[in-house]
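Printed here is my_file.txt (compact mmCIF, C-alpha atoms):
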```
# COMPACT_ATOMS: atom_id res chain seq x y z
CA MET A 9 1.83 15.51 8.13
CA ASP A 10 5.11 14.37 9.63
CA LYS A 11 4.45 10.65 9.53
CA ILE A 12 4.51 8.19 6.65
CA PRO A 13 1.69 5.68 7.11
CA ILE A 14 2.60 2.01 7.34
CA LEU A 15 -0.10 -0.30 6.03
CA ARG A 16 -0.45 -3.86 7.20
CA MET A 17 -1.37 -6.44 4.60
CA GLY A 18 -1.42 -9.92 6.05
CA ALA A 19 2.17 -10.86 6.87
CA PHE A 20 3.60 -7.85 5.06
CA LEU A 21 3.94 -4.16 5.75
CA LEU A 22 3.61 -1.62 2.98
CA VAL A 23 5.13 1.84 2.89
CA THR A 24 4.67 4.31 0.04
CA ILE A 25 7.18 7.13 -0.05
CA GLN A 26 5.65 10.19 -1.72
CA VAL A 27 7.42 13.07 -0.04
CA ASP A 28 11.02 14.07 0.40
CA LEU A 29 12.49 12.21 3.34
CA TYR A 30 14.01 14.96 5.44
CA ASP A 31 15.82 14.08 8.64
CA ARG A 32 13.08 13.78 11.23
CA LEU A 33 10.59 12.14 8.87
CA ALA A 34 13.13 9.51 7.87
CA LEU A 35 14.11 8.74 11.46
CA ASN A 36 10.43 8.53 12.44
CA LEU A 37 9.84 6.11 9.56
CA GLU A 38 12.76 3.93 10.68
CA SER A 39 11.53 3.66 14.25
CA ASP A 40 7.84 3.30 13.32
CA LEU A 41 8.63 0.56 10.86
CA VAL A 42 10.84 -1.41 13.25
CA ASN A 43 8.20 -1.12 15.99
CA MET A 44 5.53 -2.24 13.55
CA VAL A 45 7.59 -5.25 12.39
CA ASN A 46 7.98 -6.19 16.04
CA LYS A 47 4.33 -5.64 16.94
CA THR A 48 2.81 -7.42 13.94
CA SER A 49 5.49 -10.12 13.47
CA ALA A 50 5.63 -9.09 9.82
CA LYS A 51 7.72 -11.29 7.55
CA GLY A 52 8.27 -8.71 4.85
CA VAL A 53 8.42 -4.99 4.22
CA LEU A 54 7.49 -3.50 0.83
CA ILE A 55 8.74 0.02 0.15
CA ASP A 56 7.20 1.67 -2.90
CA ILE A 57 9.35 4.50 -4.27
CA SER A 58 7.61 4.96 -7.62
CA ALA A 59 6.84 8.58 -6.73
CA VAL A 60 10.47 9.32 -5.89
CA SER A 61 12.25 10.95 -8.81
CA ILE A 62 15.22 12.41 -6.94
CA VAL A 63 17.34 10.41 -4.54
CA ASP A 64 20.31 11.45 -2.46
CA SER A 65 22.82 9.59 -0.33
CA PHE A 66 20.75 10.24 2.81
CA MET A 67 17.68 8.54 1.40
CA GLY A 68 19.78 5.67 0.04
CA ARG A 69 21.25 5.17 3.47
CA ILE A 70 17.82 5.26 5.16
CA ILE A 71 16.53 2.52 2.87
CA GLY A 72 19.64 0.44 3.57
CA ASN A 73 19.16 1.00 7.32
CA ILE A 74 15.52 -0.08 7.22
CA ALA A 75 16.49 -3.25 5.36
CA SER A 76 19.23 -4.10 7.87
CA MET A 77 16.98 -3.42 10.87
CA SER A 78 14.14 -5.51 9.42
CA LYS A 79 16.56 -8.33 8.59
CA ILE A 80 17.61 -8.56 12.24
CA LEU A 81 13.92 -8.82 13.15
CA ASP A 82 13.53 -11.60 10.55
CA ALA A 83 11.68 -9.59 7.90
CA GLU A 84 12.87 -9.14 4.32
CA THR A 85 12.72 -5.77 2.61
CA VAL A 86 11.74 -5.32 -1.03
CA VAL A 87 11.96 -1.94 -2.73
CA VAL A 88 9.52 -1.63 -5.63
CA GLY A 89 8.83 0.84 -8.41
CA MET A 90 12.27 2.39 -8.65
CA GLN A 91 12.57 4.80 -11.56
CA PRO A 92 15.50 4.22 -13.93
CA ALA A 93 17.00 7.62 -13.11
CA VAL A 94 16.96 6.74 -9.41
CA ALA A 95 18.79 3.46 -10.08
CA ILE A 96 21.44 5.35 -12.07
CA THR A 97 21.88 7.91 -9.30
CA LEU A 98 22.15 5.28 -6.56
CA ILE A 99 24.95 3.48 -8.37
CA GLU A 100 26.74 6.72 -9.20
CA LEU A 101 26.54 7.63 -5.51
CA GLY A 102 28.15 4.29 -4.69
CA LEU A 103 25.03 2.94 -2.95
CA PRO A 104 24.22 -0.47 -4.48
CA LEU A 105 21.59 -1.11 -1.72
CA LYS A 106 23.14 -4.32 -0.47
CA GLY A 107 20.73 -6.57 1.42
CA VAL A 108 17.76 -4.89 -0.23
CA HIS A 109 15.71 -6.90 -2.71
CA THR A 110 14.09 -5.00 -5.55
CA ALA A 111 11.18 -5.66 -7.87
CA LEU A 112 9.69 -3.77 -10.78
CA ASP A 113 6.25 -3.24 -9.28
CA MET A 114 4.10 -3.98 -6.28
CA GLU A 115 2.74 -7.28 -7.54
CA LYS A 116 6.17 -8.64 -8.46
CA GLY A 117 7.50 -7.48 -5.10
CA MET A 118 4.71 -9.25 -3.28
CA SER A 119 5.27 -12.51 -5.13
CA LEU A 120 9.02 -12.22 -4.47
CA LEU A 121 8.29 -11.89 -0.73
CA LYS A 122 5.90 -14.84 -0.87
CA SER A 123 8.46 -17.02 -2.66
CA MET A 124 11.08 -16.04 -0.06
CA MET A 125 8.69 -17.02 2.73
CA ASP A 126 7.99 -20.33 1.04
CA SER A 127 11.68 -21.11 0.60
CA ASP A 128 12.23 -20.31 4.28
CA ASP A 129 9.69 -22.90 5.35
CA PRO A 130 11.09 -26.26 4.10
CA ASP A 131 13.90 -26.31 6.69
CA GLU A 132 11.51 -25.56 9.49
CA GLN A 133 9.15 -28.21 8.17
CA GLU A 134 11.96 -30.76 7.93
CA THR A 135 12.94 -30.11 11.52
CA ALA A 136 9.34 -30.37 12.55
CA ASP A 137 9.01 -33.66 10.68
CA ASP A 138 12.14 -35.01 12.35
CA THR A 139 10.82 -34.15 15.76
CA ILE A 140 7.57 -35.86 15.01
CA THR A 141 9.03 -39.03 13.49
CA GLU A 142 11.57 -39.65 16.23
CA MET B 14 6.32 15.17 -6.81
CA ASP B 15 3.01 16.13 -8.34
CA LYS B 16 1.62 12.65 -8.69
CA ILE B 17 0.16 10.27 -6.13
CA PRO B 18 1.25 6.72 -6.96
CA ILE B 19 -1.44 4.14 -7.59
CA LEU B 20 -0.40 0.61 -6.66
CA ARG B 21 -1.94 -2.42 -8.25
CA MET B 22 -2.60 -5.40 -6.03
CA GLY B 23 -4.35 -8.17 -7.88
CA ALA B 24 -7.85 -6.97 -8.69
CA PHE B 25 -7.55 -3.90 -6.49
CA LEU B 26 -5.89 -0.53 -6.71
CA LEU B 27 -4.36 1.10 -3.68
CA VAL B 28 -3.83 4.80 -3.13
CA THR B 29 -2.24 6.29 -0.02
CA ILE B 30 -2.88 9.98 0.50
CA GLN B 31 -0.04 11.55 2.48
CA VAL B 32 0.03 15.10 1.21
CA ASP B 33 -2.47 17.91 1.01
CA LEU B 34 -4.60 17.46 -2.09
CA TYR B 35 -4.34 20.81 -3.78
CA ASP B 36 -6.23 21.42 -7.01
CA ARG B 37 -3.98 20.03 -9.71
CA LEU B 38 -2.82 17.06 -7.65
CA ALA B 39 -6.41 16.07 -6.90
CA LEU B 40 -7.52 16.36 -10.52
CA ASN B 41 -4.47 14.35 -11.64
CA LEU B 42 -5.34 11.68 -9.08
CA GLU B 43 -8.91 11.51 -10.36
CA SER B 44 -7.91 11.06 -13.98
CA ASP B 45 -4.99 8.70 -13.22
CA LEU B 46 -7.20 6.52 -11.08
CA VAL B 47 -10.01 6.30 -13.60
CA ASN B 48 -7.53 5.48 -16.38
CA MET B 49 -5.93 2.85 -14.18
CA VAL B 50 -9.31 1.26 -13.33
CA ASN B 51 -10.01 1.11 -17.03
CA LYS B 52 -6.58 -0.26 -17.98
CA THR B 53 -6.34 -2.91 -15.27
CA SER B 54 -10.05 -3.81 -15.04
CA ALA B 55 -9.76 -3.31 -11.29
CA LYS B 56 -12.79 -4.34 -9.24
CA GLY B 57 -11.98 -2.21 -6.23
CA VAL B 58 -10.16 0.94 -5.15
CA LEU B 59 -8.71 1.29 -1.65
CA ILE B 60 -7.94 4.83 -0.51
CA ASP B 61 -5.88 5.06 2.66
CA ILE B 62 -6.25 8.40 4.43
CA SER B 63 -4.66 7.47 7.76
CA ALA B 64 -2.07 10.22 7.30
CA VAL B 65 -4.74 12.85 6.66
CA SER B 66 -5.48 14.83 9.81
CA ILE B 67 -7.18 17.83 8.24
CA VAL B 68 -9.94 17.55 5.69
CA ASP B 69 -11.82 20.27 3.84
CA SER B 70 -14.87 20.26 1.60
CA PHE B 71 -12.66 20.09 -1.52
CA MET B 72 -11.00 16.88 -0.42
CA GLY B 73 -14.33 15.40 0.66
CA ARG B 74 -15.72 16.16 -2.77
CA ILE B 75 -12.71 14.64 -4.54
CA ILE B 76 -13.14 11.38 -2.63
CA GLY B 77 -16.84 11.37 -3.49
CA ASN B 78 -16.01 12.01 -7.15
CA ILE B 79 -13.50 9.18 -7.30
CA ALA B 80 -16.06 6.81 -5.80
CA SER B 81 -18.74 7.84 -8.31
CA MET B 82 -16.38 7.56 -11.28
CA SER B 83 -15.11 4.15 -10.18
CA LYS B 84 -18.67 2.96 -9.60
CA ILE B 85 -19.57 3.74 -13.22
CA LEU B 86 -16.54 1.67 -14.26
CA ASP B 87 -17.77 -1.18 -12.05
CA ALA B 88 -15.24 -0.77 -9.25
CA GLU B 89 -16.14 -0.20 -5.59
CA THR B 90 -14.29 2.38 -3.51
CA VAL B 91 -13.35 1.80 0.12
CA VAL B 92 -11.81 4.55 2.23
CA VAL B 93 -9.68 3.17 5.06
CA GLY B 94 -7.89 4.56 8.10
CA MET B 95 -10.01 7.65 8.64
CA GLN B 96 -9.09 9.50 11.81
CA PRO B 97 -11.97 10.27 14.20
CA ALA B 98 -11.42 14.02 13.82
CA VAL B 99 -11.74 13.69 10.04
CA ALA B 100 -15.04 11.83 10.39
CA ILE B 101 -16.35 14.57 12.67
CA THR B 102 -15.28 17.28 10.24
CA LEU B 103 -16.80 15.54 7.22
CA ILE B 104 -20.19 15.28 8.89
CA GLU B 105 -20.02 18.85 10.16
CA LEU B 106 -19.24 19.96 6.61
CA GLY B 107 -22.33 18.09 5.44
CA LEU B 108 -20.35 15.52 3.45
CA PRO B 109 -21.53 12.05 4.53
CA LEU B 110 -19.51 10.45 1.65
CA LYS B 111 -22.47 8.72 0.07
CA GLY B 112 -21.55 5.77 -2.16
CA VAL B 113 -18.21 5.42 -0.43
CA HIS B 114 -17.61 2.37 1.74
CA THR B 115 -15.33 2.79 4.72
CA ALA B 116 -13.30 0.41 6.85
CA LEU B 117 -11.14 0.87 9.92
CA ASP B 118 -7.88 -0.33 8.40
CA MET B 119 -6.32 -1.72 5.25
CA GLU B 120 -6.96 -5.38 6.07
CA LYS B 121 -10.63 -4.81 6.93
CA GLY B 122 -11.01 -2.75 3.75
CA MET B 123 -9.53 -5.50 1.66
CA SER B 124 -11.78 -8.16 3.13
CA LEU B 125 -14.78 -5.85 2.62
CA LEU B 126 -13.86 -5.53 -1.07
CA LYS B 127 -13.38 -9.29 -1.35
CA SER B 128 -16.75 -9.98 0.23
CA MET B 129 -18.37 -7.47 -2.15
CA MET B 130 -16.74 -9.23 -5.09
CA ASP B 131 -17.95 -12.60 -3.83
CA SER B 132 -21.52 -11.39 -3.40
CA ASP B 133 -21.41 -10.10 -6.98
CA ASP B 134 -20.63 -13.58 -8.22
CA PRO B 135 -23.40 -15.74 -6.65
CA ASP B 136 -24.35 -17.30 -9.97
CA GLU B 137 -20.80 -18.27 -10.76
CA GLN B 138 -20.26 -19.68 -7.29
CA GLU B 139 -23.42 -21.72 -7.40
CA THR B 140 -22.39 -23.22 -10.68
CA ALA B 141 -18.96 -24.00 -9.27
CA ASP B 142 -20.46 -25.64 -6.19
CA ASP B 143 -22.79 -27.75 -8.30
CA THR B 144 -19.92 -28.99 -10.38
CA ILE B 145 -17.98 -30.05 -7.32
CA THR B 146 -20.80 -31.80 -5.46
CA GLU B 147 -22.07 -33.77 -8.41
```
Mind turning this structure into structure tokens?
Amino acid sequence: MDKIPILRMGAFLLVTIQVDLYDRLALNLESDLVNMVNKTSAKGVLIDISAVSIVDSFMGRIIGNIASMSKILDAETVVVGMQPAVAITLIELGLPLKGVHTALDMEKGMSLLKSMMDSDDPDEQETADDTITE
Amino acid sequence: MDKIPILRMGAFLLVTIQVDLYDRLALNLESDLVNMVNKTSAKGVLIDISAVSIVDSFMGRIIGNIASMSKILDAETVVVGMQPAVAITLIELGLPLKGVHTALDMEKGMSLLKSMMDSDDPDEQETADDTITE
């Protein structure tokens, strides 16, 4: 199994990382995810890493890359379920995961994404209102 | 990583199977899932097997077991993302997965669970409707 499945849930994509991300698997995940964001016009990507107990700089970088790529395609990335030891390691490795939102669990991550989508909308709505009123 | 993460999403639990289910892993998954159904009062369990390309009688039996156990705890099980080859193999092995609902993908599985939950509640809905109309 050299593919990590990406599940579509409404406007979000969900990825659960359960295996060690070696080179090819990680690069496949990056490209699959970006293609999927493009194809489904997803507004958010949830990455569950609750099964990950060991993290290295490569994996940290992959998560950062995914977040940056998704951001360019207008989708926010939320990493959920990080174990305390993983958080410690990431900081000690000097990888503060900039640009990546985090949440304690799946449900909190989902509501974070929803609140981000909602806060994105008012500007668009205002513009839309302006267009209509003038 | 000898644990498959179980994600909670509202009233449902979500499990993505990405690795071969060898003995201990499968038994852990069974007990974790049943405990989780009990703890969270989940009404449905979604098992995504889109990453599974090879299935054997052991795995077929495990999925059947999970469905039966969940059913006793009043939660329905829906298996989503089954590859055509897996469906062929399951039938050839004589495992028609009785008691297990299936859906093509995550979203269809979720709406199947929702519709099952709604049809469980007819009395409640009727009462609600009455209250509104009167």
### Message
For a quick test of understanding: name the residues of chain B lying within 8 Å of chain A when counting all atoms listed in the file, and present them as a ChimeraX atom specification.
### Response
/B:14,16-18,20-23,29,31-32,63-66,119-120
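Going from CA of Ser128 in chain B to CA of Met49 in chain B covers 22.1 Å.
Distances here use all atoms listed in the file; by that measure, the residue among B:Leu103, B:Met95, B:Met72, B:Val50 closest to Thr115 in chain B is B:Met95.
RMSD of chain A versus chain B, all Cα atoms, in-order pairing, least-squares fit: 2.5 Å.
All residues of protein, DNA or RNA that reach within 10 Å of Leu105 in chain A, judged by all atoms listed in the file and not counting those fewer than 4 positions away in the chain, are Gly68, Arg69, Ile71, Gly72, Asn73, Ala75, Val87, Ala95, Leu98, Ile99, His109 and Thr110 of chain A.
Note that CA of Lys56 in chain B and CA of Leu120 in chain A are 23.7 Å apart.
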Return the padded bounding box of range 36-40 of chain A as AutoDock Vina command-line options: axis-aligned, built from all atoms listed in the file, 4 Å added on each side, with centre and edge lengths in Å to one decimal.
```
--center_x 10.3 --center_y 5.9 --center_z 11.9 --size_x 12.9 --size_y 13.2 --size_z 12.7
```
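Taking CA of Val68 in chain B as the reference point, CA of Ala98 in chain B is found at 9.0 Å.
Distance check against Ser54 in chain B using only C-alpha atoms: of B:Ser83, B:Thr102, B:Thr90, B:Ser70, the minimum falls on B:Ser83.
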